[in-house]
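Enquirer: Just so it is clear, I am handing over model30.tsv, which has TSV, C-alpha atoms.
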```tsv
chain	number	residue	atom	x	y	z
U	116	MET	CA	43.29	33.33	-40.38
U	117	VAL	CA	43.71	30.90	-37.49
U	118	ILE	CA	40.72	29.33	-35.84
U	119	THR	CA	41.05	28.23	-32.23
U	120	SER	CA	37.93	26.44	-31.12
U	121	TYR	CA	36.42	23.50	-29.34
U	122	ILE	CA	35.92	20.58	-31.70
U	123	PRO	CA	32.89	18.38	-31.03
U	124	ALA	CA	33.84	14.75	-30.54
U	125	GLU	CA	31.52	13.47	-33.27
U	126	LYS	CA	33.05	15.84	-35.85
U	127	PHE	CA	36.62	15.07	-34.87
U	128	SER	CA	36.06	11.31	-34.98
U	129	ARG	CA	35.17	11.68	-38.65
U	130	ALA	CA	38.16	13.95	-39.27
U	131	VAL	CA	40.71	11.40	-38.08
U	132	GLU	CA	39.37	8.48	-40.12
U	133	HIS	CA	42.18	6.94	-42.15
U	134	PRO	CA	42.58	3.89	-44.42
U	135	CYS	CA	45.21	2.52	-42.05
U	136	GLN	CA	42.89	2.61	-39.05
U	137	PHE	CA	42.11	-1.10	-39.46
U	138	TRP	CA	45.61	-1.94	-38.20
U	139	ILE	CA	46.61	1.12	-36.21
U	140	GLY	CA	43.48	1.12	-34.06
U	141	THR	CA	41.87	4.16	-32.49
U	142	ILE	CA	43.88	7.38	-32.56
U	143	PRO	CA	44.46	8.19	-28.87
U	144	PHE	CA	42.42	11.37	-28.57
U	145	ARG	CA	40.53	10.76	-25.34
U	146	LEU	CA	36.95	11.96	-25.42
U	147	SER	CA	37.41	13.34	-21.95
U	148	ILE	CA	39.73	16.07	-23.24
U	149	PHE	CA	37.51	17.50	-25.97
U	150	GLY	CA	36.82	20.44	-23.71
U	151	ARG	CA	40.46	21.46	-24.17
U	152	ARG	CA	41.39	23.71	-27.05
U	153	GLN	CA	42.38	22.12	-30.35
U	154	GLN	CA	44.14	24.71	-32.50
U	155	VAL	CA	43.44	24.66	-36.22
U	156	GLY	CA	45.23	26.78	-38.81
U	157	GLY	CA	47.78	26.98	-41.60
U	158	LEU	CA	51.18	25.32	-41.26
U	159	THR	CA	53.08	28.57	-40.82
U	160	ARG	CA	50.99	29.29	-37.72
U	161	PHE	CA	52.62	26.37	-35.92
U	162	ILE	CA	56.25	26.53	-37.06
U	163	GLY	CA	59.23	28.84	-36.76
U	164	PRO	CA	61.04	30.49	-39.67
U	165	VAL	CA	61.29	28.47	-42.88
U	166	VAL	CA	64.90	28.17	-44.08
U	167	ASP	CA	64.92	27.89	-47.88
U	168	TYR	CA	68.17	26.86	-49.58
U	169	ARG	CA	67.07	27.53	-53.15
U	170	GLY	CA	69.11	29.90	-55.30
U	171	ARG	CA	72.55	28.56	-54.42
U	172	THR	CA	74.30	25.77	-56.29
U	173	PRO	CA	77.03	24.12	-54.17
U	174	THR	CA	80.33	22.89	-55.60
U	175	LYS	CA	80.24	19.10	-55.61
U	176	VAL	CA	83.33	17.02	-54.86
U	177	ASP	CA	84.21	13.34	-54.51
U	178	ALA	CA	84.63	13.59	-50.74
U	179	GLY	CA	83.55	16.25	-48.28
U	180	ILE	CA	80.33	17.27	-46.53
U	181	PHE	CA	77.41	14.93	-47.26
U	182	LEU	CA	74.75	16.71	-49.31
U	183	VAL	CA	71.18	15.73	-48.39
U	184	THR	CA	69.06	16.09	-51.51
U	185	ALA	CA	65.36	15.57	-52.08
U	186	ARG	CA	66.19	12.02	-53.20
U	187	ASN	CA	67.54	11.20	-49.74
U	188	ILE	CA	64.32	12.16	-47.97
U	189	ARG	CA	61.73	9.40	-48.08
U	190	ASP	CA	59.23	7.62	-45.84
U	191	GLY	CA	59.84	9.90	-42.87
U	192	ARG	CA	63.61	9.51	-42.68
U	193	ILE	CA	66.88	10.42	-44.37
U	194	ASP	CA	68.09	7.55	-46.54
U	195	TYR	CA	71.82	8.16	-46.88
U	196	ASP	CA	72.17	5.31	-49.39
U	197	ALA	CA	69.59	6.64	-51.88
U	198	SER	CA	71.97	9.29	-53.21
U	199	GLU	CA	75.57	9.98	-52.23
U	200	GLU	CA	76.75	13.47	-53.13
U	201	TYR	CA	79.31	15.66	-51.39
U	202	VAL	CA	80.23	19.35	-51.33
U	203	ASP	CA	83.44	21.03	-50.25
U	204	PRO	CA	83.42	22.60	-46.75
U	205	ASP	CA	83.63	26.20	-48.00
U	206	SER	CA	80.70	25.69	-50.34
U	207	ALA	CA	78.74	23.99	-47.54
U	208	ALA	CA	79.44	26.90	-45.16
U	209	SER	CA	78.15	29.38	-47.74
U	210	LEU	CA	75.10	27.23	-48.40
U	211	LEU	CA	74.27	26.89	-44.71
U	212	ALA	CA	74.70	30.57	-43.93
U	213	ARG	CA	70.91	30.80	-44.03
U	214	GLY	CA	70.58	28.25	-41.27
U	215	LYS	CA	72.66	25.34	-40.00
U	216	PRO	CA	70.98	21.96	-39.53
U	217	GLU	CA	70.07	21.02	-35.97
U	218	ILE	CA	68.96	17.68	-34.56
U	219	ASP	CA	65.20	17.16	-35.07
U	220	ASP	CA	64.82	19.99	-37.58
U	221	LEU	CA	62.11	18.93	-39.99
U	222	LEU	CA	63.10	18.66	-43.66
U	223	PHE	CA	60.43	19.14	-46.32
U	224	THR	CA	60.93	18.58	-50.05
U	225	MET	CA	59.39	21.33	-52.19
U	226	GLU	CA	59.49	19.40	-55.48
U	227	ALA	CA	60.65	16.24	-57.24
U	228	PRO	CA	59.44	14.60	-55.05
U	229	LEU	CA	56.95	16.89	-53.34
U	230	GLY	CA	56.03	16.58	-49.67
U	231	GLN	CA	58.59	14.06	-48.44
U	232	VAL	CA	59.64	14.75	-44.85
U	233	ALA	CA	62.29	13.64	-42.36
U	234	LEU	CA	63.85	14.72	-39.09
U	235	ILE	CA	67.54	15.63	-39.10
U	236	ASP	CA	69.53	12.99	-37.20
U	237	ARG	CA	73.05	14.39	-37.71
U	238	THR	CA	74.45	17.88	-38.16
U	239	ASP	CA	77.51	17.20	-40.36
U	240	ILE	CA	75.47	17.61	-43.54
U	241	ALA	CA	74.58	20.23	-46.11
U	242	LEU	CA	71.11	20.68	-47.59
U	243	ALA	CA	70.28	20.88	-51.29
U	244	GLN	CA	68.13	23.43	-53.11
U	245	ARG	CA	64.79	21.62	-53.25
U	246	VAL	CA	64.73	21.17	-49.47
U	247	VAL	CA	63.52	23.56	-46.76
U	248	LYS	CA	63.75	23.13	-43.01
U	249	PHE	CA	61.76	24.37	-40.05
U	250	ARG	CA	60.80	23.47	-36.49
U	251	GLY	CA	57.52	23.33	-34.64
U	252	ALA	CA	56.76	26.41	-32.58
U	253	PRO	CA	57.53	25.89	-28.87
U	254	ASP	CA	54.47	24.89	-26.81
U	255	LEU	CA	52.41	24.48	-30.00
U	256	MET	CA	53.79	21.70	-32.18
U	257	ARG	CA	56.17	18.79	-31.64
U	258	ASN	CA	58.48	18.17	-34.60
U	259	SER	CA	57.72	14.44	-34.41
U	260	TYR	CA	53.95	15.02	-34.47
U	261	LEU	CA	54.29	17.45	-37.37
U	262	LEU	CA	56.32	14.84	-39.27
U	263	TYR	CA	53.47	12.32	-39.11
U	264	TRP	CA	50.84	14.96	-39.81
U	265	LEU	CA	52.60	15.94	-43.03
U	266	MET	CA	52.89	12.27	-43.99
U	267	SER	CA	49.17	11.65	-43.52
U	268	THR	CA	46.90	10.90	-46.48
U	269	GLY	CA	44.84	14.05	-45.98
U	270	CYS	CA	47.85	16.34	-45.89
U	271	GLN	CA	49.45	14.69	-48.92
U	272	SER	CA	46.19	15.11	-50.84
U	273	ARG	CA	46.11	18.77	-49.86
U	274	LEU	CA	49.65	19.22	-51.17
U	275	GLU	CA	48.59	17.87	-54.54
U	276	THR	CA	45.84	20.49	-54.80
U	277	LEU	CA	48.35	23.26	-54.04
U	278	ALA	CA	51.08	21.96	-56.34
U	279	THR	CA	51.94	23.19	-59.79
U	280	GLY	CA	53.98	21.72	-62.63
U	281	SER	CA	53.39	19.30	-65.47
U	282	THR	CA	56.31	16.87	-65.28
U	283	ALA	CA	57.31	17.36	-61.62
U	284	LEU	CA	54.94	18.69	-58.99
U	285	GLY	CA	56.19	21.45	-56.74
U	286	ILE	CA	54.86	23.97	-54.25
U	287	LYS	CA	55.78	27.60	-53.68
U	288	ALA	CA	56.99	28.59	-50.23
U	289	SER	CA	54.21	31.20	-50.12
U	290	LYS	CA	51.65	28.38	-50.14
U	291	LEU	CA	52.96	26.56	-47.08
U	292	GLY	CA	50.54	28.55	-44.95
U	293	MET	CA	47.68	26.99	-46.91
U	294	ILE	CA	48.48	23.50	-45.58
U	295	GLU	CA	45.94	22.99	-42.82
U	296	CYS	CA	47.13	21.60	-39.49
U	297	LEU	CA	45.44	20.48	-36.30
U	298	ALA	CA	47.44	21.00	-33.12
U	299	PRO	CA	46.06	19.14	-30.11
U	300	PRO	CA	47.58	19.75	-26.66
U	301	MET	CA	51.23	18.78	-26.42
U	302	ASP	CA	50.62	15.70	-24.27
U	303	GLU	CA	48.13	14.44	-26.86
U	304	GLN	CA	50.71	14.96	-29.59
U	305	ASP	CA	53.13	12.87	-27.53
U	306	SER	CA	50.53	10.10	-27.17
U	307	ILE	CA	49.87	10.01	-30.91
U	308	VAL	CA	53.59	9.89	-31.75
U	309	ALA	CA	54.19	7.11	-29.20
U	310	LEU	CA	51.35	5.04	-30.66
U	311	ILE	CA	52.51	5.47	-34.25
U	312	ARG	CA	56.08	4.57	-33.37
U	313	ARG	CA	54.96	1.42	-31.55
U	314	GLU	CA	52.94	0.27	-34.55
U	315	ILE	CA	55.73	1.14	-36.99
U	316	ALA	CA	58.19	-0.87	-34.88
U	317	LYS	CA	55.88	-3.90	-35.12
U	318	LEU	CA	55.62	-3.52	-38.88
U	319	ASP	CA	59.39	-3.11	-39.22
U	320	THR	CA	59.86	-6.36	-37.27
U	321	LEU	CA	57.43	-8.20	-39.56
U	322	THR	CA	59.14	-6.73	-42.62
U	323	ALA	CA	62.56	-7.90	-41.42
U	324	GLU	CA	61.21	-11.40	-40.70
U	325	ALA	CA	59.60	-11.57	-44.14
U	326	ARG	CA	62.84	-10.53	-45.85
U	327	THR	CA	64.79	-13.14	-43.89
U	328	ALA	CA	62.28	-15.82	-44.90
U	329	ILE	CA	62.45	-14.78	-48.57
U	330	THR	CA	66.25	-14.94	-48.54
U	331	LEU	CA	66.17	-18.39	-46.93
U	332	LEU	CA	63.62	-19.71	-49.44
U	333	GLN	CA	65.67	-18.36	-52.34
U	334	GLU	CA	68.77	-20.12	-51.01
U	335	ARG	CA	66.85	-23.38	-50.62
U	336	ARG	CA	65.46	-23.06	-54.14
U	337	ILE	CA	68.96	-22.67	-55.59
U	338	ALA	CA	70.23	-25.60	-53.51
U	339	LEU	CA	67.34	-27.79	-54.67
U	340	ILE	CA	67.94	-27.01	-58.34
U	341	SER	CA	71.67	-27.63	-57.96
U	342	ALA	CA	71.11	-30.97	-56.21
U	343	ALA	CA	68.57	-32.11	-58.82
U	344	VAL	CA	70.71	-31.37	-61.89
U	345	THR	CA	73.88	-32.87	-60.39
U	346	GLY	CA	72.23	-36.16	-59.46
U	347	GLN	CA	72.30	-35.66	-55.71
U	348	ILE	CA	68.54	-36.22	-55.65
U	349	ASP	CA	67.08	-39.37	-57.20
U	350	VAL	CA	64.08	-38.05	-59.14
U	351	ARG	CA	63.34	-41.35	-60.94
U	352	SER	CA	60.92	-42.50	-58.27
U	353	THR	CA	59.05	-39.23	-58.57
U	354	PHE	CA	58.69	-39.59	-62.34
U	355	ALA	CA	57.63	-43.22	-61.97
U	356	ALA	CA	54.91	-42.27	-59.51
U	357	GLU	CA	53.63	-39.51	-61.79
U	358	ALA	CA	53.59	-41.89	-64.79
U	359	PHE	CA	51.63	-44.47	-62.79
U	360	LEU	CA	49.05	-41.87	-61.80
U	361	GLU	CA	48.64	-40.73	-65.42
U	362	VAL	CA	48.05	-44.31	-66.59
U	363	ALA	CA	45.60	-44.97	-63.78
```
Translate this structure into structure tokens?
Expert:
Amino acid sequence: MVITSYIPAEKFSRAVEHPCQFWIGTIPFRLSIFGRRQQVGGLTRFIGPVVDYRGRTPTKVDAGIFLVTARNIRDGRIDYDASEEYVDPDSAASLLARGKPEIDDLLFTMEAPLGQVALIDRTDIALAQRVVKFRGAPDLMRNSYLLYWLMSTGCQSRLETLATGSTALGIKASKLGMIECLAPPMDEQDSIVALIRREIAKLDTLTAEARTAITLLQERRIALISAAVTGQIDVRSTFAAEAFLEVA
């Protein structure tokens, strides 16, 4: 059942609370638009057909079509360095007969790991068995907004309650409709996505600066040790000063 209703501002403000709000600020749902309809329902209400690639094992080769596996999908993107596997073109064509990848299709891992998502950024790929793909329904759900919704703490917690398995958690395709979604108007989805991307860009910049600083400090540490053990630095005065302080 899908519920389409007006959501009171005070209730929605509690619904969007998130541990990251201290740095991301206020989610840009303007109070002036709470008279507009916010659609609430299961995931399958807001997406097109789900393309499931399970049941077919591709023939792997040393060079060919890049195979995107569940290991490649992490943190909202496809990490092509996390796992490098290839399938021959004929095997890829058979595998993709159910649905060829298109730019901005949303990939969702069904198990091991569960609930990782990414948007397709190239079409010369094949998709492995533990991955499904779908798109947001036109005029209802932006793929980019849906990506961040599925990455949210609340949605990930919901996935855990729906998952089964002892060693590796997984979810059945029949349960995708039990993942609750909130679909604000399309322009509000665009505002939310723009805000998140701005904040992520800032964090990525800080991360890159921190990595550069760590690399520089490591290089200086090695240079200092090398200079000290080869006599390029006179450490006798340092030891003399320390000995004097101990005596005093």
Enquirer: At what distance in Å, to one decimal, does CA of Thr174 (chain U) lie from CA of Pro204 (chain U)?
Expert: 9.4 Å
Enquirer: Of the residues U:Val247, U:Ala241, U:Ala208, U:Ala252, which is the one nearest to Arg169 (chain U), using all atoms listed in the file?
Expert: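 Under the stated criterion, the closest residue is U:Val247.
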Enquirer: May I ask which of the residues U:Phe161, U:Tyr168, U:Leu274, U:Trp264 is the closest one to Ala212 (chain U), counting all atoms listed in the file?
Expert: U:Tyr168
Enquirer: Using only C-alpha atoms, find the one residue out of U:Val183, U:Ser289, U:Leu211, U:Leu310 that sits nearest to Leu277 (chain U).
Expert: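 Among U:Val183, U:Ser289, U:Leu211, U:Leu310, it is U:Ser289 that comes nearest to Leu277 (chain U).
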Enquirer: For CA of Met266 (chain U) and CA of Arg326 (chain U), quote the distance in Å rounded to one decimal.
Expert: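 For CA of Met266 (chain U) relative to CA of Arg326 (chain U), the distance reads 24.9 Å.
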Enquirer: For Leu261 (chain U), work out the shell of residues within 9 Å, counting all atoms listed in the file and skipping chain neighbours fewer than 6 positions away, then give it as a ChimeraX atom specification.
Expert: /U:221,250-251,296,298,304
Enquirer: Which one of U:Met301, U:Ile218, U:Ala342, U:Ala233 sits closest to Pro253 (chain U) if you count all atoms listed in the file?
Expert: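 Going through U:Met301, U:Ile218, U:Ala342, U:Ala233 one by one, the smallest distance to Pro253 (chain U) is for U:Met301.
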Enquirer: Just how far from CA of Arg245 (chain U) is CA of Thr184 (chain U), in Å to one decimal?
Expert: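 Atom-to-atom, CA of Thr184 (chain U) and CA of Arg245 (chain U) are spaced 7.2 Å apart.
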Enquirer: So, counting all atoms listed in the file, which residue among U:Leu182, U:Ala338, U:Leu210, U:Val165 is closest to Asp239 (chain U)?
Expert: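 Looking only at the distances to Asp239 (chain U), the closest residue turns out to be U:Leu182.
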Enquirer: With only C-alpha atoms as the counted atoms, please give the residues lying no more than 9 Å from Glu217 (chain U), apart from itself and same-chain residues fewer than 6 positions off, as a ChimeraX atom specification.
Expert: /U:235-238
Enquirer: Could N, CA, C and O atoms be built for region 176-187 of chain U and written out as a short mmCIF file (atom, residue, chain, number, x, y, z; two decimals), in the coordinates of the input?
Expert:
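Writing done, so here's selection_38.cif:
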```cif
data_model
loop_
_atom_site.label_atom_id
_atom_site.label_comp_id
_atom_site.auth_asym_id
_atom_site.auth_seq_id
_atom_site.Cartn_x
_atom_site.Cartn_y
_atom_site.Cartn_z
N VAL U 176 82.00 17.65 -54.85
CA VAL U 176 83.33 17.02 -54.86
C VAL U 176 83.15 15.53 -54.60
O VAL U 176 82.06 15.05 -54.28
N ASP U 177 84.26 14.79 -54.72
CA ASP U 177 84.21 13.34 -54.51
C ASP U 177 84.12 12.98 -53.03
O ASP U 177 83.56 11.95 -52.67
N ALA U 178 84.67 13.83 -52.18
CA ALA U 178 84.63 13.59 -50.74
C ALA U 178 84.56 14.93 -50.02
O ALA U 178 85.24 15.87 -50.40
N GLY U 179 83.73 14.99 -49.01
CA GLY U 179 83.55 16.25 -48.28
C GLY U 179 82.34 16.16 -47.37
O GLY U 179 82.13 15.15 -46.70
N ILE U 180 81.53 17.23 -47.35
CA ILE U 180 80.33 17.27 -46.53
C ILE U 180 79.19 16.58 -47.28
O ILE U 180 78.94 16.90 -48.45
N PHE U 181 78.51 15.66 -46.60
CA PHE U 181 77.41 14.93 -47.26
C PHE U 181 76.28 15.90 -47.59
O PHE U 181 75.84 16.68 -46.75
N LEU U 182 75.82 15.84 -48.85
CA LEU U 182 74.75 16.71 -49.31
C LEU U 182 73.43 15.94 -49.29
O LEU U 182 73.26 14.97 -50.04
N VAL U 183 72.51 16.35 -48.44
CA VAL U 183 71.18 15.73 -48.39
C VAL U 183 70.30 16.38 -49.45
O VAL U 183 70.01 17.57 -49.38
N THR U 184 69.92 15.60 -50.44
CA THR U 184 69.06 16.09 -51.51
C THR U 184 67.64 15.58 -51.31
O THR U 184 67.37 14.79 -50.40
N ALA U 185 66.75 16.02 -52.17
CA ALA U 185 65.36 15.57 -52.08
C ALA U 185 65.27 14.05 -52.26
O ALA U 185 64.36 13.42 -51.72
N ARG U 186 66.21 13.47 -52.99
CA ARG U 186 66.19 12.02 -53.20
C ARG U 186 66.50 11.24 -51.93
O ARG U 186 66.13 10.07 -51.80
N ASN U 187 67.20 11.87 -50.99
CA ASN U 187 67.54 11.20 -49.74
C ASN U 187 66.40 11.19 -48.73
O ASN U 187 66.45 10.44 -47.74
#
```
